[in-house]
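So this block is entry_20.tsv, TSV, C-alpha atoms:
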chain	number	residue	atom	x	y	z
M	1	MET	CA	14.37	3.91	-21.79
M	2	VAL	CA	12.34	1.40	-19.88
M	3	GLN	CA	14.50	-0.50	-17.54
M	4	TYR	CA	13.42	-4.11	-17.27
M	5	THR	CA	13.79	-5.81	-13.95
M	6	THR	CA	12.76	-9.22	-12.83
M	7	THR	CA	9.85	-8.23	-10.64
M	8	ARG	CA	6.41	-8.79	-12.02
M	9	LEU	CA	5.10	-5.38	-11.11
M	10	ASP	CA	7.87	-3.71	-13.04
M	11	ALA	CA	7.13	-5.90	-16.04
M	12	SER	CA	3.47	-4.99	-15.80
M	13	PHE	CA	4.08	-1.29	-15.59
M	14	ALA	CA	6.50	-1.45	-18.47
M	15	ALA	CA	3.90	-3.33	-20.50
M	16	LEU	CA	1.32	-0.69	-19.65
M	17	SER	CA	3.54	2.22	-20.59
M	18	ASP	CA	2.32	1.89	-24.18
M	19	ALA	CA	-1.05	3.29	-25.27
M	20	THR	CA	-1.68	0.50	-27.80
M	21	ARG	CA	-1.10	-2.16	-25.20
M	22	ARG	CA	-3.49	-0.45	-22.79
M	23	GLY	CA	-6.01	-0.29	-25.63
M	24	VAL	CA	-5.54	-3.99	-26.32
M	25	LEU	CA	-6.23	-4.80	-22.67
M	26	GLU	CA	-9.41	-2.76	-22.68
M	27	GLN	CA	-10.48	-4.48	-25.88
M	28	LEU	CA	-9.79	-7.90	-24.37
M	29	GLY	CA	-11.73	-6.81	-21.29
M	30	ARG	CA	-14.80	-6.68	-23.54
M	31	SER	CA	-14.14	-9.89	-25.46
M	32	ASP	CA	-11.38	-12.26	-26.48
M	33	ALA	CA	-9.83	-11.58	-29.87
M	34	SER	CA	-7.35	-13.05	-32.31
M	35	ILE	CA	-4.09	-11.28	-33.07
M	36	THR	CA	-5.42	-10.59	-36.60
M	37	ASP	CA	-8.54	-8.91	-35.18
M	38	LEU	CA	-6.42	-6.79	-32.89
M	39	ALA	CA	-4.00	-5.83	-35.65
M	40	ASP	CA	-6.96	-4.65	-37.76
M	41	LYS	CA	-8.54	-2.78	-34.93
M	42	PHE	CA	-5.38	-0.90	-34.08
M	43	HIS	CA	-4.33	-0.44	-37.72
M	44	MET	CA	-1.15	-2.37	-37.30
M	45	THR	CA	0.81	-5.04	-39.01
M	46	LEU	CA	0.44	-8.56	-37.72
M	47	THR	CA	4.10	-8.56	-36.70
M	48	GLY	CA	3.70	-5.31	-34.76
M	49	MET	CA	0.72	-6.63	-32.86
M	50	LYS	CA	2.50	-9.91	-32.14
M	51	LYS	CA	5.27	-7.97	-30.46
M	52	HIS	CA	2.83	-6.06	-28.26
M	53	ILE	CA	1.01	-9.25	-27.30
M	54	GLY	CA	4.35	-10.83	-26.46
M	55	VAL	CA	5.12	-8.03	-24.00
M	56	LEU	CA	1.67	-8.28	-22.40
M	57	GLU	CA	1.98	-12.03	-22.21
M	58	GLN	CA	5.34	-11.83	-20.47
M	59	ALA	CA	3.86	-9.47	-17.92
M	60	GLY	CA	1.08	-11.97	-17.26
M	61	LEU	CA	-1.60	-9.54	-18.39
M	62	VAL	CA	-2.63	-11.57	-21.42
M	63	THR	CA	-2.69	-15.27	-22.23
M	64	THR	CA	-2.85	-16.69	-25.74
M	65	LYS	CA	-3.95	-20.00	-27.15
M	66	LYS	CA	-3.54	-21.39	-30.62
M	67	LEU	CA	-6.69	-22.81	-32.14
M	68	GLY	CA	-5.92	-24.20	-35.55
M	69	ARG	CA	-4.20	-21.39	-37.44
M	70	VAL	CA	-5.58	-18.61	-35.25
M	71	ARG	CA	-4.03	-17.39	-32.03
M	72	THR	CA	-6.68	-16.14	-29.62
M	73	CYS	CA	-5.84	-13.67	-26.90
M	74	LYS	CA	-7.59	-13.13	-23.61
M	75	LEU	CA	-6.91	-11.32	-20.40
M	76	GLY	CA	-4.45	-12.91	-18.04
M	77	PRO	CA	-5.13	-13.54	-14.38
M	78	ARG	CA	-5.68	-9.78	-13.89
M	79	GLN	CA	-3.20	-9.73	-11.06
M	80	LEU	CA	-2.08	-6.22	-11.74
M	81	ALA	CA	-5.52	-4.65	-11.60
M	82	GLU	CA	-6.24	-6.41	-8.33
M	83	GLU	CA	-2.90	-5.50	-6.95
M	84	THR	CA	-3.21	-1.87	-7.92
M	85	ALA	CA	-6.68	-1.50	-6.45
M	86	TRP	CA	-5.59	-3.19	-3.26
M	87	ILE	CA	-2.48	-1.10	-2.87
M	88	GLU	CA	-4.49	2.04	-3.51
M	89	ALA	CA	-6.92	1.06	-0.74
M	90	TYR	CA	-3.95	0.35	1.51
M	91	ARG	CA	-2.46	3.74	0.68
M	92	GLN	CA	-5.76	5.46	1.39
M	93	LEU	CA	-5.98	3.84	4.80
M	94	TRP	CA	-2.55	5.16	5.70
M	95	ALA	CA	-3.22	8.54	4.13
M	96	SER	CA	-6.31	9.05	6.27
M	97	ARG	CA	-4.49	7.89	9.39
M	98	PHE	CA	-1.60	10.19	8.66
M	99	ASP	CA	-3.82	13.20	7.98
M	100	LYS	CA	-5.17	12.73	11.47
M	101	LEU	CA	-1.66	12.23	12.84
M	102	ASP	CA	-0.77	15.62	11.35
M	103	GLU	CA	-3.27	17.21	13.71
M	104	VAL	CA	-1.83	15.43	16.72
M	105	VAL	CA	1.72	16.43	15.73
M	106	GLU	CA	0.67	20.04	15.23
M	107	GLU	CA	-1.02	20.15	18.60
M	108	LEU	CA	1.99	18.65	20.39
M	109	LYS	CA	4.25	21.11	18.65
M	110	GLN	CA	2.15	24.09	19.76
M	111	LYS	CA	1.98	22.78	23.29
M	112	LYS	CA	5.73	22.28	23.55
M	113	MET	CA	6.36	25.72	22.19
M	114	ALA	CA	3.97	27.22	24.72
M	115	ASP	CA	5.53	25.25	27.57
M	116	GLY	CA	8.94	26.51	26.61
M	117	PRO	CA	12.18	24.54	26.54
M	118	LYS	CA	12.51	24.42	30.32
M	119	ASN	CA	9.43	22.31	30.82
M	120	ARG	CA	10.16	19.86	28.08
M	121	LYS	CA	10.34	16.36	29.44
C	1	MET	CA	-0.83	21.55	4.53
C	2	LYS	CA	-1.23	17.83	3.89
C	3	ASN	CA	1.77	15.91	2.68
C	4	LEU	CA	1.64	13.15	0.10
C	5	THR	CA	1.32	9.54	1.22
C	6	THR	CA	2.82	6.99	-1.16
C	7	ALA	CA	2.42	3.21	-1.08
C	8	GLU	CA	4.29	0.69	-3.16
C	9	ARG	CA	4.88	-3.01	-3.38
C	10	LYS	CA	8.65	-3.04	-3.15
C	11	SER	CA	9.19	-6.74	-3.60
C	12	GLU	CA	7.36	-10.02	-3.47
C	13	ARG	CA	7.05	-9.76	0.31
C	14	GLU	CA	7.17	-6.04	1.06
C	15	LEU	CA	4.87	-3.04	1.06
C	16	VAL	CA	6.26	0.41	1.78
C	17	VAL	CA	4.36	3.55	2.75
C	18	THR	CA	6.05	6.96	3.05
C	19	ARG	CA	4.93	10.32	4.38
C	20	THR	CA	6.51	13.55	5.62
C	21	PHE	CA	5.27	15.24	8.79
C	22	ASN	CA	5.70	18.88	9.69
C	23	GLY	CA	7.33	18.35	13.06
C	24	PRO	CA	10.43	16.92	14.71
C	25	ALA	CA	10.92	13.15	14.98
C	26	HIS	CA	10.51	13.01	18.75
C	27	ILE	CA	7.01	14.45	18.44
C	28	VAL	CA	5.92	12.06	15.67
C	29	PHE	CA	7.40	9.21	17.67
C	30	GLU	CA	5.53	10.35	20.76
C	31	ALA	CA	2.23	10.45	18.86
C	32	TRP	CA	2.92	6.87	17.80
C	33	THR	CA	3.85	5.49	21.20
C	34	ARG	CA	1.53	7.22	23.71
C	35	PRO	CA	-1.81	5.38	23.79
C	36	ASP	CA	-3.85	8.53	24.45
C	37	LEU	CA	-2.36	10.15	21.32
C	38	PHE	CA	-2.26	6.98	19.22
C	39	LYS	CA	-5.99	6.46	19.79
C	40	ARG	CA	-6.71	9.81	18.21
C	41	TRP	CA	-5.33	9.02	14.77
C	42	TRP	CA	-5.01	5.28	14.20
C	43	VAL	CA	-8.65	4.59	13.30
C	44	PRO	CA	-9.93	6.45	10.24
C	45	LYS	CA	-13.44	7.79	10.73
C	46	SER	CA	-14.58	6.41	7.38
C	47	SER	CA	-13.81	2.86	8.50
C	48	GLY	CA	-16.73	2.90	10.93
C	49	LEU	CA	-14.54	1.17	13.50
C	50	THR	CA	-14.48	2.06	17.17
C	51	LEU	CA	-11.34	1.50	19.18
C	52	LEU	CA	-12.68	0.01	22.40
C	53	SER	CA	-9.36	-0.36	24.14
C	54	CYS	CA	-5.72	0.29	23.46
C	55	GLU	CA	-3.00	-1.20	25.63
C	56	MET	CA	0.56	-0.45	24.60
C	57	ASP	CA	3.71	-1.32	26.49
C	58	VAL	CA	6.09	0.38	24.10
C	59	ARG	CA	9.54	-0.99	24.80
C	60	THR	CA	11.65	-3.66	23.12
C	61	GLY	CA	9.99	-6.94	24.07
C	62	GLY	CA	6.77	-5.22	25.16
C	63	THR	CA	3.32	-6.06	23.79
C	64	TYR	CA	0.27	-4.22	22.52
C	65	ARG	CA	-3.39	-5.07	22.18
C	66	LEU	CA	-6.02	-3.06	20.30
C	67	VAL	CA	-9.69	-4.04	20.46
C	68	PHE	CA	-12.02	-2.73	17.77
C	69	ASP	CA	-15.73	-2.90	17.26
C	70	HIS	CA	-17.77	-2.39	14.11
C	71	ALA	CA	-21.49	-2.55	13.37
C	72	SER	CA	-20.91	-5.54	11.07
C	73	LEU	CA	-19.05	-7.57	13.68
C	74	GLU	CA	-20.70	-10.07	15.97
C	75	GLN	CA	-18.07	-9.50	18.56
C	76	PRO	CA	-15.15	-7.12	18.96
C	77	MET	CA	-11.95	-7.95	17.14
C	78	ALA	CA	-8.50	-7.82	18.71
C	79	PHE	CA	-5.22	-6.91	17.04
C	80	PHE	CA	-2.14	-7.71	19.04
C	81	GLY	CA	1.58	-8.34	18.86
C	82	ARG	CA	5.02	-7.59	20.25
C	83	TYR	CA	7.42	-4.72	19.88
C	84	ILE	CA	10.60	-6.27	18.55
C	85	GLU	CA	12.50	-3.00	18.60
C	86	VAL	CA	11.80	0.38	20.14
C	87	THR	CA	14.50	3.01	19.54
C	88	PRO	CA	13.20	6.52	20.30
C	89	PRO	CA	12.80	8.63	18.29
C	90	SER	CA	13.94	6.86	15.15
C	91	ARG	CA	12.67	3.30	14.89
C	92	LEU	CA	9.75	1.06	15.86
C	93	VAL	CA	9.34	-2.59	14.87
C	94	TRP	CA	6.34	-4.69	15.82
C	95	THR	CA	4.70	-7.98	14.95
C	96	ASN	CA	1.07	-8.50	13.98
C	97	ASP	CA	0.28	-11.76	15.71
C	98	GLU	CA	-3.50	-11.97	15.30
C	99	GLY	CA	-3.00	-13.61	11.91
C	100	GLY	CA	-1.10	-16.54	13.44
C	101	GLU	CA	1.87	-17.79	11.46
C	102	ASN	CA	1.13	-15.46	8.58
C	103	GLY	CA	1.83	-12.42	10.68
C	104	VAL	CA	3.28	-9.32	9.09
C	105	VAL	CA	6.25	-7.53	10.67
C	106	THR	CA	5.94	-3.75	10.55
C	107	THR	CA	8.96	-1.45	10.74
C	108	VAL	CA	8.58	2.30	11.01
C	109	THR	CA	11.53	4.66	10.72
C	110	PHE	CA	11.45	8.34	11.62
C	111	GLU	CA	14.07	10.42	9.88
C	112	GLU	CA	14.38	14.05	10.89
C	113	ARG	CA	14.97	16.42	7.97
C	114	GLY	CA	15.25	19.97	9.26
C	115	SER	CA	11.96	20.77	10.95
C	116	GLU	CA	10.23	17.84	9.25
C	117	THR	CA	10.20	14.09	9.75
C	118	PHE	CA	10.21	11.59	6.91
C	119	VAL	CA	8.39	8.42	7.96
C	120	VAL	CA	8.84	5.10	6.16
C	121	LEU	CA	6.48	2.29	7.10
C	122	HIS	CA	7.49	-1.12	5.89
C	123	ASP	CA	5.27	-4.22	6.06
C	124	LEU	CA	7.13	-7.48	5.58
C	125	TYR	CA	4.98	-10.53	4.79
C	126	PRO	CA	6.25	-13.99	5.71
C	127	SER	CA	6.09	-15.10	2.06
C	128	LYS	CA	5.14	-13.93	-1.41
C	129	ASP	CA	2.14	-16.19	-1.15
C	130	ALA	CA	0.95	-14.47	2.03
C	131	LEU	CA	1.05	-11.04	0.39
C	132	ASP	CA	-0.58	-12.32	-2.81
C	133	LYS	CA	-3.32	-13.89	-0.72
C	134	ALA	CA	-3.87	-10.69	1.24
C	135	ILE	CA	-4.30	-8.86	-2.04
C	136	ALA	CA	-6.51	-11.50	-3.62
C	137	SER	CA	-8.75	-11.83	-0.57
C	138	GLU	CA	-9.85	-8.23	-0.75
C	139	SER	CA	-9.85	-7.81	-4.46
C	140	THR	CA	-12.77	-6.00	-5.97
C	141	GLY	CA	-14.35	-6.52	-9.36
C	142	GLY	CA	-14.60	-4.02	-12.17
C	143	PHE	CA	-11.72	-4.08	-14.54
C	144	THR	CA	-12.48	-0.72	-16.12
C	145	GLU	CA	-12.66	1.07	-12.82
C	146	GLN	CA	-9.37	-0.44	-11.80
C	147	PHE	CA	-7.84	0.69	-15.03
C	148	GLU	CA	-8.89	4.23	-14.31
C	149	GLN	CA	-7.19	3.95	-10.96
C	150	LEU	CA	-4.14	2.54	-12.63
C	151	ASP	CA	-4.09	5.46	-15.04
C	152	GLU	CA	-4.13	7.84	-12.10
C	153	LEU	CA	-1.35	5.89	-10.49
C	154	LEU	CA	0.74	6.01	-13.65
C	155	VAL	CA	0.28	9.77	-13.75
C	156	THR	CA	1.52	10.11	-10.18
C	157	MET	CA	4.44	7.87	-11.04
C	158	GLY	CA	5.40	10.24	-13.81
C	159	GLY	CA	3.97	8.20	-16.69
Take the structure from the file and write it as structure tokens.
Amino acid sequence: MVQYTTTRLDASFAALSDATRRGVLEQLGRSDASITDLADKFHMTLTGMKKHIGVLEQAGLVTTKKLGRVRTCKLGPRQLAEETAWIEAYRQLWASRFDKLDEVVEELKQKKMADGPKNRK
Amino acid sequence: MKNLTTAERKSERELVVTRTFNGPAHIVFEAWTRPDLFKRWWVPKSSGLTLLSCEMDVRTGGTYRLVFDHASLEQPMAFFGRYIEVTPPSRLVWTNDEGGENGVVTTVTFEERGSETFVVLHDLYPSKDALDKAIASESTGGFTEQFEQLDELLVTMGG
């Protein structure tokens, strides 16, 4: 069971836990589409697709607009993709720092062992 | 063997990084608080940055100042702040004052688990807006590429 919480990131990840919804986002990344187009493309009923779009919309990944009788969907403000890429870069920075820190820790450990407990400061 | 580094946005204002080190807390703490040791690991080689100077007065109320240089910079860039709390070997809290009012407060905790130390680094932004802006300011294009990264992330999160 997906546990819904109020934070946006959780909503986004929940929305992305479904393969159809990820497919819809990729499709919308290429061009805007109506719900009918999307339902056809993914071999779904209109109602089924409406539900998926609703979830994506709530997560801020998709926005929709009604033009006459057709509801057009397009990508939302793309916050999640930006956020994910940024956090990954941030993680990488720390990962590379910490890999280096490992070496320092290892060296200190060896040194203290060699010095013996008496000489420990 | 390398341990896994994780990073997450925990809330609207917080980022959290975790990592386990194969050594006791007092050693990891020492590597973090002795300038000669700190200098050896803080700047990743790939960043192309050079740490020109590193002054650290590591005690509650003390200050630090790091000066970096990079080929793309017209002049060296300083990072500085205050240590709000220094509790060896378990806790370090400092401010990042170079950003003015939008400074982040960083808390690092060192938790000894047997012969290992579990480190949690916590960056607290002054507001949701400040963190959103930090993210937006360095955002890169390429939706597809980002989706691939997201897929990888989802895998590491257990789907």
Check which residues of chain M sit at most 8 Å from chain C using all atoms listed in the file, and return one row each with the closest pair of atoms and their distance in Å to one decimal, ordered by chain and rising number, as CSV.
residue,atom,partner,partner_atom,distance
M:Thr7,CA,C:Ser11,CA,7.2
M:Ser17,CA,C:Gly159,CA,7.2
M:Glu26,CA,C:Thr144,CA,7.5
M:Gly29,CA,C:Phe143,CA,7.3
M:Ala81,CA,C:Gln146,CA,5.7
M:Glu82,CA,C:Ser139,CA,5.5
M:Glu83,CA,C:Ile135,CA,6.1
M:Thr84,CA,C:Leu150,CA,6.5
M:Ala85,CA,C:Gln146,CA,6.1
M:Trp86,CA,C:Ile135,CA,5.9
M:Ile87,CA,C:Ala7,CA,6.8
M:Glu88,CA,C:Ala7,CA,7.4
M:Tyr90,CA,C:Ala7,CA,7.4
M:Arg91,CA,C:Ala7,CA,5.2
M:Leu93,CA,C:Pro44,CA,7.2
M:Trp94,CA,C:Thr5,CA,7.4
M:Ala95,CA,C:Thr5,CA,5.5
M:Ser96,CA,C:Pro44,CA,6.0
M:Arg97,CA,C:Trp42,CA,5.5
M:Phe98,CA,C:Trp41,CA,7.3
M:Asp99,CA,C:Lys2,CA,6.7
M:Lys100,CA,C:Trp41,CA,5.0
M:Leu101,CA,C:Trp41,CA,5.2
M:Asp102,CA,C:Phe21,CA,6.6
M:Val104,CA,C:Ala31,CA,6.8
M:Val105,CA,C:Val28,CA,6.1
M:Glu106,CA,C:Gly23,CA,7.2
M:Leu108,CA,C:Ile27,CA,6.8
M:Lys109,CA,C:Gly23,CA,7.0
Residues within 10 Å of Ala78 (chain C), please, as a ChimeraX atom specification. Count all atoms listed in the file; anything in the same chain fewer than 3 positions from it doesn't count. /C:51-54,65-69,75,98
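Here the question is which of M:Thr20, M:Gln110, M:Gln92, M:Thr72 gets nearest to Asp32 (chain M) using only C-alpha atoms, and that residue is M:Thr72.
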At a cut-off of 7 Å, using only C-alpha atoms, what residues contact Thr64 (chain M)? Leave out same-chain residues fewer than 4 positions from it and give the result as a PDB file with C-alpha atoms, keeping the file's coordinate frame.
ATOM      1  CA  ARG M  71      -4.030 -17.390 -32.030  1.00  0.00           C
ATOM      2  CA  THR M  72      -6.680 -16.140 -29.620  1.00  0.00           C
ATOM      3  CA  CYS M  73      -5.840 -13.670 -26.900  1.00  0.00           C
ATOM      4  CA  LYS M  74      -7.590 -13.130 -23.610  1.00  0.00           C
TER       5      LYS M  74
END
From C:His122, C:Arg34, C:Lys133, C:His70, residue lying nearest Arg91 (chain C) [only C-alpha atoms]: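 Answer, going by the shortest atom-to-atom distance: C:His122.
Note that the spacing between CA of Ile35 (chain M) and CA of Val62 (chain M) amounts to 11.7 Å.
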Just how far from CA of Gly60 (chain M) is CA of Asp40 (chain M), in Å to one decimal?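 Here the two named atoms are 23.2 Å from each other.
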Write out as JSON, numbers by chain each polymer residue whose atoms come within 9 Å of Gly61 (chain C), counting all atoms listed in the file; drop sequence neighbours fewer than 4 positions from it. {"C": [57, 82, 83, 84, 85, 86]}
Have a look at CA of Thr63 (chain C) and CA of Glu116 (chain C) and let me know their distance in Å, one decimal. 28.8 Å
For region 83-97 of chain C, what centre and edge lengths in Å (one decimal) does the axis-aligned box get once 4 Å is added on each side of all its listed atoms, as lines of an AutoDock Vina configuration file?
center_x = 7.4
center_y = -1.6
center_z = 17.1
size_x = 22.2
size_y = 28.4
size_z = 14.3
